[in-house]
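Have a look at query.txt; it's compact mmCIF, C-alpha atoms:
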```txt
# COMPACT_ATOMS: atom_id res chain seq x y z
CA MET A 1 25.97 48.37 -224.64
CA ASN A 2 28.85 47.74 -227.04
CA HIS A 3 32.50 47.47 -226.10
CA VAL A 4 33.28 51.12 -226.96
CA ASP A 5 30.37 52.38 -224.84
CA GLN A 6 31.49 50.20 -221.93
CA GLU A 7 35.04 51.52 -222.16
CA ASN A 8 33.79 55.14 -222.22
CA VAL A 9 31.70 54.51 -219.09
CA MET A 10 34.67 52.89 -217.35
CA GLN A 11 36.89 55.87 -218.22
CA GLN A 12 34.26 58.27 -216.87
CA ASP A 13 34.03 56.23 -213.66
CA ARG A 14 37.82 56.27 -213.24
CA SER A 15 37.85 60.03 -213.84
CA LEU A 16 35.12 60.49 -211.24
CA ASP A 17 37.02 58.33 -208.74
CA ALA A 18 40.19 60.35 -209.29
CA SER A 19 38.41 63.67 -208.85
CA THR A 20 36.69 62.59 -205.62
CA SER A 21 39.48 60.48 -204.10
CA THR A 22 41.06 61.37 -200.79
CA PRO A 23 44.40 63.10 -201.39
CA SER A 24 47.59 61.37 -200.33
CA ASP A 25 49.92 62.90 -197.75
CA ALA A 26 52.27 63.81 -200.60
CA ASP A 27 49.44 65.61 -202.41
CA ILE A 28 48.52 67.51 -199.24
CA ALA A 29 52.17 68.52 -198.81
CA ASP A 30 52.39 69.78 -202.39
CA ALA A 31 49.15 71.72 -202.00
CA TYR A 32 50.41 73.29 -198.78
CA LEU A 33 53.79 74.29 -200.17
CA TYR A 34 52.24 75.77 -203.31
CA LEU A 35 49.81 77.80 -201.20
CA LEU A 36 52.63 78.88 -198.87
CA GLY A 37 54.29 80.74 -201.75
CA ARG A 38 51.27 83.04 -201.99
CA LEU A 39 50.84 83.29 -198.20
CA LEU A 40 54.39 84.59 -197.79
CA VAL A 41 53.68 87.53 -200.12
CA LEU A 42 50.25 88.14 -198.58
CA ARG A 43 51.85 88.16 -195.13
CA GLN A 44 54.23 90.86 -196.30
CA GLU A 45 51.34 92.95 -197.63
CA HIS A 46 49.69 92.82 -194.20
CA LEU A 47 52.90 93.66 -192.37
CA ASP A 48 53.85 96.50 -194.71
CA PHE A 49 50.59 98.34 -194.15
CA ARG A 50 50.26 97.45 -190.47
CA ASP A 51 53.84 98.02 -189.32
CA ASN A 52 55.94 99.60 -192.06
CA GLY A 53 54.05 102.78 -192.96
CA PHE A 54 53.05 101.90 -196.53
CA GLN A 55 50.23 103.66 -198.38
CA TRP A 56 48.99 102.68 -201.81
CA ASN A 57 50.74 104.33 -204.76
CA THR A 58 53.12 106.21 -202.50
CA VAL A 59 56.86 105.62 -202.61
CA ILE A 60 58.88 105.17 -199.41
CA HIS A 61 62.53 106.20 -199.70
CA HIS A 62 64.76 104.36 -197.25
CA GLU A 63 68.01 105.65 -195.87
CA PRO A 64 70.95 103.63 -197.21
CA GLY A 65 72.22 100.85 -194.98
CA GLY A 66 68.84 99.60 -193.74
CA VAL A 67 69.06 96.02 -192.50
CA ALA A 68 65.56 95.39 -191.12
CA TRP A 69 64.53 92.77 -193.65
CA ALA A 70 65.67 89.44 -195.05
CA ASN A 71 68.77 89.42 -197.25
CA PRO A 72 69.11 93.22 -197.53
CA ASN A 73 70.94 94.63 -200.53
CA LEU A 74 73.38 97.05 -198.94
CA ASP A 75 74.88 98.09 -202.28
CA VAL A 76 71.90 100.27 -203.16
CA ALA A 77 69.64 103.04 -201.98
CA TYR A 78 66.25 101.35 -201.66
CA SER A 79 62.81 102.78 -202.28
CA GLU A 80 59.64 100.71 -202.07
CA ALA A 81 55.94 100.96 -202.87
CA TRP A 82 52.73 98.99 -203.26
CA ILE A 83 51.04 99.75 -206.57
CA GLY A 84 47.26 99.47 -206.93
CA VAL A 85 45.49 99.84 -210.28
CA ASP A 86 42.14 99.03 -211.85
CA GLU A 87 40.23 99.60 -215.10
CA GLU A 88 39.89 103.33 -214.41
CA SER A 89 43.29 104.18 -212.94
CA CYS A 90 47.00 103.86 -213.61
CA THR A 91 50.05 104.57 -211.48
CA ILE A 92 52.80 106.86 -212.76
CA VAL A 93 56.45 106.47 -211.83
CA GLU A 94 58.81 109.30 -212.74
CA VAL A 95 62.43 108.17 -213.13
CA PRO A 96 65.18 110.81 -213.19
CA GLU A 97 68.04 110.62 -215.65
CA ILE A 98 70.59 108.31 -214.01
CA THR A 99 73.98 107.75 -215.60
CA GLY A 100 77.02 106.05 -214.12
CA PHE A 101 74.93 104.14 -211.55
CA TYR A 102 73.06 100.89 -211.80
CA TYR A 103 69.35 101.36 -211.15
CA THR A 104 66.12 99.52 -211.69
CA ILE A 105 62.43 99.94 -210.88
CA GLN A 106 61.40 96.32 -210.25
CA VAL A 107 57.73 95.31 -210.09
CA LEU A 108 56.45 92.00 -208.68
CA ASN A 109 53.01 90.45 -208.43
CA GLY A 110 51.28 88.78 -205.48
CA TRP A 111 53.19 85.54 -206.00
CA GLY A 112 56.64 87.16 -205.98
CA GLU A 113 56.99 86.97 -209.77
CA THR A 114 58.93 89.81 -211.37
CA THR A 115 56.68 91.39 -214.00
CA ALA A 116 58.70 94.49 -215.00
CA ASN A 117 62.07 96.22 -214.63
CA ILE A 118 62.56 99.81 -215.75
CA ASN A 119 66.21 100.54 -216.48
CA GLU A 120 68.61 101.22 -219.32
CA ARG A 121 68.85 97.53 -220.20
CA ASN A 122 65.11 97.06 -220.77
CA TYR A 123 64.39 100.53 -222.17
CA PRO A 124 67.63 101.54 -223.90
CA GLY A 125 65.98 104.16 -226.08
CA ARG A 126 64.15 105.80 -223.19
CA PRO A 127 65.45 104.66 -219.80
CA PHE A 128 64.06 107.59 -217.80
CA GLY A 129 61.02 109.89 -217.74
CA LYS A 130 57.38 108.96 -217.06
CA PHE A 131 56.12 105.38 -217.05
CA ALA A 132 52.53 104.31 -216.41
CA PHE A 133 51.63 101.01 -214.75
CA CYS A 134 48.17 99.96 -215.92
CA LEU A 135 45.92 96.97 -216.31
CA LYS A 136 45.65 95.88 -219.92
CA GLU A 137 41.94 96.76 -219.85
CA ALA A 138 42.43 100.22 -218.34
CA LYS A 139 41.10 103.18 -220.34
CA VAL A 140 43.02 106.10 -218.86
CA ASP A 141 44.26 109.33 -220.43
CA LEU A 142 47.98 109.43 -219.68
CA PRO A 143 50.27 112.48 -219.62
CA PRO A 144 52.13 113.20 -222.87
CA ASP A 145 55.38 111.32 -223.44
CA THR A 146 54.47 108.55 -220.99
CA GLN A 147 55.59 104.94 -221.59
CA ARG A 148 52.74 102.56 -220.72
CA ILE A 149 53.54 99.22 -219.03
CA ASN A 150 50.68 96.77 -218.62
CA LEU A 151 50.71 94.74 -215.41
CA PRO A 152 48.95 91.38 -214.96
CA SER A 153 47.52 92.15 -211.51
CA ARG A 154 45.64 94.84 -209.60
CA LYS A 155 48.21 94.83 -206.80
CA SER A 156 51.97 94.87 -207.28
CA ARG A 157 55.01 95.43 -205.13
CA SER A 158 57.84 97.67 -206.36
CA LEU A 159 61.46 97.80 -205.28
CA MET A 160 63.50 100.70 -206.61
CA ARG A 161 67.27 100.42 -206.42
CA VAL A 162 69.99 102.98 -207.14
CA GLU A 163 73.56 101.77 -206.78
CA LEU A 164 75.47 103.64 -204.07
CA GLY A 165 78.81 103.02 -205.76
CA SER A 166 81.61 105.44 -205.03
CA ASN A 167 79.26 108.42 -204.60
CA PRO A 168 76.48 107.47 -202.14
CA ALA A 169 75.43 111.09 -201.63
CA LEU A 170 74.64 111.55 -205.33
CA ALA A 171 72.88 108.17 -205.41
CA VAL A 172 70.58 109.34 -202.60
CA VAL A 173 69.82 112.59 -204.45
CA LEU A 174 68.79 110.55 -207.50
CA GLN A 175 66.83 108.10 -205.37
CA ARG A 176 64.76 110.93 -203.86
CA GLN A 177 63.84 112.16 -207.34
CA ILE A 178 61.90 108.97 -208.07
CA ARG A 179 58.20 109.85 -207.77
CA LEU A 180 55.10 107.66 -207.72
CA TYR A 181 51.46 108.76 -207.91
CA SER A 182 48.10 107.61 -209.19
CA ILE A 183 45.98 108.88 -212.06
CA GLY A 184 42.43 108.10 -211.03
CA LYS A 185 41.48 106.39 -207.79
CA ALA A 186 41.86 102.64 -207.80
CA ALA A 187 39.39 100.45 -205.94
CA ILE A 188 41.83 98.35 -203.92
CA ALA A 189 40.55 95.25 -202.14
CA ARG A 190 41.55 94.58 -198.56
CA PRO A 191 43.96 91.64 -198.26
CA VAL A 192 42.52 88.31 -197.21
CA ASN A 193 42.98 87.76 -193.48
CA ILE A 194 45.56 85.07 -192.71
CA PRO A 195 47.58 84.07 -189.63
CA LEU A 196 50.66 86.32 -189.54
CA PHE A 197 53.10 83.51 -188.94
CA ALA A 198 56.85 83.68 -188.39
CA ASN A 199 59.40 81.87 -190.55
CA ASN A 200 60.24 79.55 -187.66
CA ALA A 201 56.55 78.89 -186.91
CA LEU A 202 54.85 78.21 -190.24
CA PRO A 203 51.07 77.78 -190.31
CA GLY A 204 49.54 74.32 -190.17
CA ALA A 205 46.14 73.12 -191.36
CA GLU A 206 44.71 76.59 -190.74
CA ALA A 207 46.47 77.63 -193.97
CA PHE A 208 43.63 75.94 -195.86
CA ASP A 209 40.82 77.74 -193.97
CA THR A 210 40.93 80.73 -196.34
CA ALA A 211 42.83 79.07 -199.20
CA ARG A 212 40.19 79.61 -201.86
CA ALA A 213 39.87 83.30 -201.03
CA VAL A 214 43.66 83.62 -200.96
CA LEU A 215 44.08 82.04 -204.40
CA ASP A 216 41.13 83.93 -205.87
CA SER A 217 42.65 87.22 -204.69
CA GLU A 218 45.63 86.90 -207.06
CA ALA A 219 45.81 84.77 -210.19
CA ASP A 220 48.93 82.71 -210.79
CA ILE A 221 50.21 84.06 -214.11
CA ASN A 222 52.09 80.86 -214.97
CA PRO A 223 50.63 78.11 -217.16
CA GLY A 224 50.52 74.48 -216.08
CA MET A 225 49.08 75.07 -212.61
CA ASP A 226 45.86 73.04 -213.08
CA GLY A 227 47.28 69.91 -211.46
CA ILE A 228 48.55 71.61 -208.33
CA ARG A 229 45.36 73.65 -208.00
CA GLN A 230 43.37 70.40 -208.02
CA LYS A 231 45.53 69.18 -205.14
CA VAL A 232 44.77 72.40 -203.26
CA ASP A 233 41.03 71.96 -203.83
CA LYS A 234 41.16 68.40 -202.48
CA ALA A 235 43.19 69.49 -199.46
CA ILE A 236 40.65 72.22 -198.72
CA GLU A 237 37.81 69.69 -198.80
CA LEU A 238 39.66 67.21 -196.61
CA ASN A 239 40.60 69.96 -194.16
CA ALA A 240 36.91 70.63 -193.58
CA SER A 241 36.22 66.99 -192.64
CA ASP A 242 39.52 65.63 -191.29
CA ARG A 243 41.66 68.52 -190.10
CA ALA A 244 43.86 66.22 -188.01
CA ARG A 245 44.83 64.26 -191.11
CA VAL A 246 45.81 67.44 -192.94
CA GLN A 247 47.82 68.71 -189.96
CA LYS A 248 49.66 65.40 -189.70
CA ALA A 249 50.56 65.46 -193.40
CA ILE A 250 51.87 69.01 -193.07
CA GLU A 251 54.04 68.18 -190.06
CA ALA A 252 55.26 64.77 -191.28
CA VAL A 253 55.68 65.45 -195.00
CA ALA A 254 55.38 69.13 -196.01
CA TRP A 255 57.71 70.72 -193.47
CA PRO A 256 60.51 68.11 -193.83
CA LYS A 257 60.21 68.29 -197.64
CA PHE A 258 60.43 72.08 -197.51
CA LYS A 259 63.56 72.00 -195.35
CA ALA A 260 65.20 69.33 -197.51
CA SER A 261 64.40 71.23 -200.70
CA PHE A 262 66.81 74.01 -199.78
CA THR A 263 69.70 71.59 -200.24
CA LYS A 264 68.39 70.59 -203.69
CA LEU A 265 67.59 74.08 -204.93
CA GLY A 266 69.15 74.57 -208.35
CA THR A 267 72.83 73.82 -208.95
CA ASN A 268 75.59 73.30 -206.37
CA LYS A 269 79.23 74.02 -207.19
CA ASN A 270 82.21 74.99 -205.03
CA GLY A 271 79.88 74.63 -202.03
CA TRP A 272 77.63 77.42 -203.37
CA ASN A 273 74.03 76.99 -204.47
CA ARG A 274 72.43 78.85 -207.33
CA PRO A 275 68.64 78.55 -207.83
CA SER A 276 67.61 77.01 -211.13
CA THR A 277 65.35 79.99 -211.72
CA ILE A 278 64.56 83.15 -209.81
CA GLY A 279 62.21 86.08 -210.21
CA LYS A 280 60.39 84.43 -213.13
CA TYR A 281 59.51 80.89 -212.16
CA GLY A 282 57.34 79.36 -214.87
CA ASP A 283 55.93 76.08 -213.54
CA ASP A 284 58.62 75.76 -210.84
CA TRP A 285 56.33 76.78 -207.99
CA MET A 286 58.49 75.02 -205.40
CA THR A 287 61.49 77.23 -206.09
CA ARG A 288 59.18 80.26 -205.95
CA THR A 289 58.02 79.29 -202.46
CA LEU A 290 61.59 78.67 -201.28
CA ILE A 291 62.76 82.05 -202.59
CA ASN A 292 59.76 83.88 -201.12
CA TYR A 293 60.65 82.33 -197.78
CA ALA A 294 64.41 82.99 -197.84
CA GLY A 295 64.67 86.24 -199.80
CA ILE A 296 61.34 87.70 -200.86
CA TRP A 297 61.31 90.15 -203.81
CA ALA A 298 64.20 88.49 -205.63
CA ASN A 299 64.85 89.89 -209.09
CA SER A 300 65.22 87.82 -212.24
CA ASN A 301 68.49 86.31 -213.49
CA ASP A 302 68.82 88.79 -216.34
CA GLU A 303 69.22 91.53 -213.70
CA ALA A 304 71.12 89.71 -210.98
CA VAL A 305 72.42 86.24 -210.18
CA TYR A 306 72.34 85.09 -206.55
CA PHE A 307 74.47 82.42 -204.87
CA LYS A 308 74.04 81.15 -201.32
CA THR A 309 75.90 78.84 -198.99
CA ASP A 310 75.86 77.76 -195.36
CA SER A 311 78.69 75.24 -195.79
CA ASP A 312 82.37 75.06 -196.64
CA ARG A 313 83.88 73.28 -199.67
CA GLN A 314 83.59 69.93 -197.83
CA GLY A 315 79.89 70.42 -197.16
CA VAL A 316 80.44 71.07 -193.44
CA LYS A 317 78.13 73.73 -191.98
CA LEU A 318 79.79 77.11 -191.47
CA ASP A 319 80.71 77.94 -187.88
CA GLY A 320 80.99 81.63 -187.06
CA GLY A 321 83.81 80.88 -184.63
CA LEU A 322 86.02 79.51 -187.39
CA VAL A 323 87.88 81.41 -190.10
CA TYR A 324 87.18 80.76 -193.78
CA ALA A 325 88.81 82.20 -196.87
CA MET A 326 87.85 82.35 -200.54
CA THR A 327 90.42 83.28 -203.17
CA PHE A 328 89.89 84.67 -206.68
CA PRO A 329 92.84 84.29 -209.06
CA LYS A 330 94.01 87.37 -210.95
CA ASP A 331 92.38 86.18 -214.17
CA ASN A 332 89.05 85.38 -212.46
CA LEU A 333 88.34 88.36 -210.20
CA PRO A 334 84.66 88.93 -209.31
CA GLY A 335 84.58 92.35 -210.95
CA SER A 336 85.41 90.80 -214.32
CA HIS A 337 82.09 88.93 -214.32
CA VAL A 338 79.69 91.86 -213.76
CA ASP A 339 78.79 95.06 -215.56
CA TYR A 340 77.74 96.75 -212.33
CA PHE A 341 78.71 95.31 -208.95
CA TRP A 342 79.21 92.23 -206.79
CA SER A 343 78.84 91.82 -203.05
CA VAL A 344 78.66 89.23 -200.29
CA ILE A 345 76.78 89.47 -196.98
CA ALA A 346 76.41 87.17 -193.96
CA VAL A 347 72.90 86.49 -192.63
CA ASP A 348 71.47 84.25 -189.91
CA SER A 349 70.00 80.86 -190.75
CA ASP A 350 66.46 81.48 -189.43
CA ASP A 351 65.18 84.82 -190.71
CA PHE A 352 68.06 85.58 -193.11
CA ARG A 353 68.76 88.94 -191.44
CA VAL A 354 72.23 90.46 -191.19
CA ILE A 355 74.07 89.60 -187.99
CA PRO A 356 75.02 92.42 -185.59
CA ASN A 357 78.74 92.87 -185.01
CA SER A 358 80.92 95.43 -183.25
CA ARG A 359 82.19 96.86 -186.54
CA ASN A 360 78.71 97.31 -188.06
CA ARG A 361 80.24 95.80 -191.16
CA PHE A 362 77.69 93.74 -193.03
CA LEU A 363 79.12 93.26 -196.52
CA LEU A 364 82.15 93.14 -198.73
CA ASN A 365 81.92 94.57 -202.24
CA LYS A 366 83.88 96.43 -204.89
CA GLU A 367 83.74 99.60 -202.78
CA SER A 368 85.38 97.93 -199.76
CA SER A 369 89.00 98.80 -198.95
CA LEU A 370 90.24 95.61 -200.56
CA GLU A 371 93.87 94.62 -200.78
CA TYR A 372 95.10 92.28 -203.50
CA GLY A 373 97.92 89.75 -203.34
CA GLU A 374 101.29 90.26 -205.00
CA ASP A 375 100.10 87.95 -207.77
CA GLY A 376 96.94 90.06 -208.32
CA SER A 377 94.62 87.61 -206.59
CA LEU A 378 91.90 88.61 -204.13
CA THR A 379 91.18 86.71 -200.88
CA LEU A 380 88.14 87.42 -198.74
CA TYR A 381 87.99 86.28 -195.10
CA PHE A 382 85.07 85.37 -192.83
CA GLY A 383 85.37 84.93 -189.06
CA ALA A 384 84.29 86.26 -185.67
CA ASP A 385 87.65 88.04 -185.31
CA LYS A 386 89.94 89.32 -188.03
CA PRO A 387 92.65 86.80 -188.88
CA SER A 388 96.08 88.23 -188.18
CA SER A 389 97.16 87.73 -191.78
CA ALA A 390 94.03 89.29 -193.33
CA PRO A 391 93.83 92.90 -194.52
CA ASP A 392 91.09 94.60 -192.52
CA GLY A 393 89.11 95.59 -195.62
CA ASN A 394 89.00 91.97 -196.82
CA TRP A 395 87.34 90.63 -193.63
CA LEU A 396 83.62 90.14 -192.89
CA PRO A 397 82.66 89.44 -189.24
CA THR A 398 80.59 86.32 -188.47
CA PRO A 399 78.64 85.15 -185.36
CA ARG A 400 80.84 83.10 -183.02
CA GLY A 401 79.51 79.61 -182.41
CA LYS A 402 76.57 79.90 -184.81
CA ASN A 403 75.84 78.66 -188.28
CA TYR A 404 75.18 81.40 -190.84
CA ASN A 405 74.52 81.88 -194.55
CA LEU A 406 76.46 83.85 -197.12
CA THR A 407 74.59 85.54 -199.96
CA TRP A 408 76.58 86.51 -203.06
CA ARG A 409 75.12 88.94 -205.61
CA SER A 410 76.31 89.58 -209.15
CA TYR A 411 74.50 92.57 -210.71
CA GLY A 412 74.73 92.89 -214.45
CA PRO A 413 76.14 89.34 -214.70
CA ASP A 414 78.20 88.34 -217.71
CA GLU A 415 77.30 85.44 -219.98
CA VAL A 416 79.33 82.79 -218.13
CA THR A 417 77.52 83.75 -214.93
CA VAL A 418 74.05 83.86 -216.47
CA SER A 419 74.63 80.52 -218.21
CA GLY A 420 75.66 78.85 -214.95
CA VAL A 421 79.34 78.29 -215.76
CA TRP A 422 80.81 80.74 -213.23
CA PHE A 423 80.44 80.27 -209.47
CA PRO A 424 82.23 81.97 -206.58
CA PRO A 425 85.26 80.01 -205.34
CA PRO A 426 84.89 77.58 -202.42
CA LEU A 427 85.27 78.51 -198.77
CA VAL A 428 88.35 76.99 -197.18
CA GLU A 429 88.50 76.58 -193.40
CA LEU A 430 91.63 78.09 -191.87
CA GLY A 431 91.01 77.26 -188.19
CA ASP A 432 89.77 79.03 -185.08
CA SER A 433 89.05 82.73 -185.15
```
Spell out the structure here as structure tokens.
Amino acid sequence: MNHVDQENVMQQDRSLDASTSTPSDADIADAYLYLLGRLLVLRQEHLDFRDNGFQWNTVIHHEPGGVAWANPNLDVAYSEAWIGVDEESCTIVEVPEITGFYYTIQVLNGWGETTANINERNYPGRPFGKFAFCLKEAKVDLPPDTQRINLPSRKSRSLMRVELGSNPALAVVLQRQIRLYSIGKAAIARPVNIPLFANNALPGAEAFDTARAVLDSEADINPGMDGIRQKVDKAIELNASDRARVQKAIEAVAWPKFKASFTKLGTNKNGWNRPSTIGKYGDDWMTRTLINYAGIWANSNDEAVYFKTDSDRQGVKLDGGLVYAMTFPKDNLPGSHVDYFWSVIAVDSDDFRVIPNSRNRFLLNKESSLEYGEDGSLTLYFGADKPSSAPDGNWLPTPRGKNYNLTWRSYGPDEVTVSGVWFPPPLVELGDS
């Protein structure tokens, strides 16, 4: 055997060793956190059909003001649906003519990736009418004057938003005119059975029991996933022979890494965090898992930019019993950085749900009864009780004695917001509420 042949054999042996080696705890943690991103969406599919009244290819119109989910968007009238298609069926959505209101028909796949948005920005020449969601391979006769949109998956989740604005009654009328129905009858697979875990009780090693079926049920549309999928395969194999080792790695490495990652998510400025990417994640699967956990169904940055914080400008955790203020100068008001609307809500730090309060006031936005300073500035206040110096319309109640999160939304963000230059101003502690 010559030197070249020997080297080739050695390389093959090293490759074999690498492919059959026992995964490290770090590899197990990565495999778990990648898989968790898919499990969070699959959990929601189970819950929607078990508890929330969903049927395939049927739209559910919600009454405005619903708060029964994580990080609700209280600026819009929400409608939702699960879309199922195959090679012999498509799903039609009929969008009424909507002018003067922001709206979008957002579609996401089984990983929480945004795959379509129907609105005037994406379809400026034809922003309303009939649209058909189909698989690329589908051979279906569509109604005349129907815009076809090919989806990458057989199952998709849709969120339909119509801005309430200054005329909520009209927004609801338009919302109820959105229709969804199927052409043909799709063969829709039952979701893979998984433990229906809570956010504060994530699954352990049992997550790998059905991991191959879970991943096979929905392809990851992003390139560059071969390496992480190999880690998942190794973790599945190890789980079958040494479940205790896998469980230990999840508890000691995966869960702490997941918690710590929230503080490193994207860019931090003025005490606010903005994810590096959202809605369309590319190879950033970790951010995808974090977003699916904290605010599932997030839209992409070209539609909306999201900021979050649970701390003041000094990095100290927010306390609902204290008063905080944030001030926008006259030449930097929030409305000057959006085409549509901005808003801020307070949510708890476990399930990211809005926090009950005696005023049933859950957000501040451009429709609030805001008062501006003599110099044209705008100050917003956060506290369990209204500060004596604060205009009532500028105050958002917070939970006394508890940490909480603020979520800021900018819909139709301007270039300085999209590019990451603009952030909301910092929160300044003013004292006890």
Exercise on stretch 261-272 of chain A, axis-aligned box with 3 Å per side, report centre and edge lengths in Å to one decimal, as JSON:
```
{"center_x": 73.3, "center_y": 74.0, "center_z": -204.4, "size_x": 23.8, "size_y": 12.8, "size_z": 15.2}
```
Exercise: A:Lys330 partners within 7 Å, all atoms listed in the file, chain neighbours under 3 positions left out, as a list in words: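 Residues near the query, excluding close chain neighbours: Leu333, Asp375, Gly376 and Ser377 of chain A.
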Selected residue of minimal separation from A:Pro168 among A:Pro72, A:Ser241, A:Pro64, A:Ile105, counting only C-alpha atoms: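 Result for the nearest residue to A:Pro168: A:Pro64.
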Residues near A:Asp220, cut-off 9 Å, all atoms listed in the file, skip fewer than 4 positions along chain, as a PyMOL selection string: chain A and resi 110-111+215+225
Contacts of stretch 93-102 of chain A within 8 Å, all atoms listed in the file, excl. fewer than 6 positions in-chain, as a list of chain:residue names: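 So the residues in contact are A:Pro127, A:Phe128, A:Gly129, A:Lys130, A:Phe131, A:Ala132, A:Phe133, A:Arg161, A:Val162, A:Glu163, A:Leu164, A:Gly165, A:Ala171, A:Leu174, A:Gln177, A:Ile178, A:Arg179, A:Leu180, A:Tyr181, A:Tyr340.
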Selection to disk with C-alpha atoms, as a PDB file, keeping the file's coordinate frame:
```pdb
ATOM      1  CA  PRO A 127      65.450 104.660-219.800  1.00  0.00           C
ATOM      2  CA  PHE A 128      64.060 107.590-217.800  1.00  0.00           C
ATOM      3  CA  GLY A 129      61.020 109.890-217.740  1.00  0.00           C
ATOM      4  CA  LYS A 130      57.380 108.960-217.060  1.00  0.00           C
ATOM      5  CA  PHE A 131      56.120 105.380-217.050  1.00  0.00           C
ATOM      6  CA  ALA A 132      52.530 104.310-216.410  1.00  0.00           C
ATOM      7  CA  PHE A 133      51.630 101.010-214.750  1.00  0.00           C
ATOM      8  CA  ARG A 161      67.270 100.420-206.420  1.00  0.00           C
ATOM      9  CA  VAL A 162      69.990 102.980-207.140  1.00  0.00           C
ATOM     10  CA  GLU A 163      73.560 101.770-206.780  1.00  0.00           C
ATOM     11  CA  LEU A 164      75.470 103.640-204.070  1.00  0.00           C
ATOM     12  CA  GLY A 165      78.810 103.020-205.760  1.00  0.00           C
ATOM     13  CA  ALA A 171      72.880 108.170-205.410  1.00  0.00           C
ATOM     14  CA  LEU A 174      68.790 110.550-207.500  1.00  0.00           C
ATOM     15  CA  GLN A 177      63.840 112.160-207.340  1.00  0.00           C
ATOM     16  CA  ILE A 178      61.900 108.970-208.070  1.00  0.00           C
ATOM     17  CA  ARG A 179      58.200 109.850-207.770  1.00  0.00           C
ATOM     18  CA  LEU A 180      55.100 107.660-207.720  1.00  0.00           C
ATOM     19  CA  TYR A 181      51.460 108.760-207.910  1.00  0.00           C
ATOM     20  CA  TYR A 340      77.740  96.750-212.330  1.00  0.00           C
TER      21      TYR A 340
END
```
Distance of atom CA of A:Asn119 from atom CA of A:Lys139, expressed in Å to one decimal place: 25.5 Å
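Here atom CA of A:Lys155 is placed at a distance of 26.1 Å from atom CA of A:Pro275.
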Contacts of A:Thr327 within 9 Å, only C-alpha atoms, excl. fewer than 5 positions in-chain, as a PyMOL selection string: chain A and resi 333+377-381+424-428
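Once stretch 294-299 of chain A and its same-chain neighbours fewer than 2 positions away are set aside, Ala70, Asn71, Gly112, Gly279, Ile291 and Asn292 of chain A remain within 6 Å of it when counting all atoms listed in the file.
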Take the residues from that selection and write them out as a PDB file, keeping the file's coordinate frame, keeping C-alpha atoms.
```
ATOM      1  CA  ALA A  70      65.670  89.440-195.050  1.00  0.00           C
ATOM      2  CA  ASN A  71      68.770  89.420-197.250  1.00  0.00           C
ATOM      3  CA  GLY A 112      56.640  87.160-205.980  1.00  0.00           C
ATOM      4  CA  GLY A 279      62.210  86.080-210.210  1.00  0.00           C
ATOM      5  CA  ILE A 291      62.760  82.050-202.590  1.00  0.00           C
ATOM      6  CA  ASN A 292      59.760  83.880-201.120  1.00  0.00           C
TER       7      ASN A 292
END
```
Length of the atom CA of A:Ala260 to atom CA of A:Asn109 vector [Å]: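 Those two atoms sit 26.7 Å apart.
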Pick from A:Ser276, A:Asn332, A:Asn117, A:Thr91 nearest to A:Leu290, counting all atoms listed in the file: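 Distance minimum relative to A:Leu290 lands on A:Ser276.
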Protein, DNA and RNA residues within 8 Å of (90.0, 80.0, -194.8), only C-alpha atoms, as a list of chain:residue names: A:Val323, A:Tyr324, A:Ala325, A:Met326, A:Tyr381, A:Phe382, A:Leu427, A:Val428, A:Glu429, A:Leu430, A:Gly431
Each stretch 181-270 of chain A residue no farther than 12 Å from stretch 310-318 of chain A, nearest pair in Å, all atoms listed in the file, as CSV:
```
residue,atom,partner,partner_atom,distance
A:Phe262,CA,A:Asp310,CA,10.7
A:Thr263,CA,A:Asp310,CA,10.0
A:Asn268,CA,A:Gly315,CA,10.6
A:Lys269,CA,A:Arg313,CA,8.9
A:Asn270,CA,A:Arg313,CA,5.9
```
Top pick for closest residue to A:Trp82, considering A:Gly53, A:Gly224, A:Pro256, A:Gly66 and counting only C-alpha atoms: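 Between A:Gly53, A:Gly224, A:Pro256, A:Gly66, the residue approaching A:Trp82 most closely is A:Gly53.
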Pick from A:Arg176, A:Lys248, A:Lys231, A:Lys136, whichever lies nearest to A:Glu63 using only C-alpha atoms: A:Arg176
Residue nearest A:Tyr293 among A:Asp226, A:Asp242, A:Glu251, A:Asp351 (counting only C-alpha atoms):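 Of the candidates, the smallest distance to A:Tyr293 is held by A:Asp351.
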Residue among A:Met286, A:Leu42, A:Ala169, A:Ala211 lying closest to A:Val76, counting all atoms listed in the file: A:Ala169
Protein, DNA and RNA residues within 6 Å of (78.8, 85.9, -203.4), all atoms listed in the file, as a count of residues only: 6
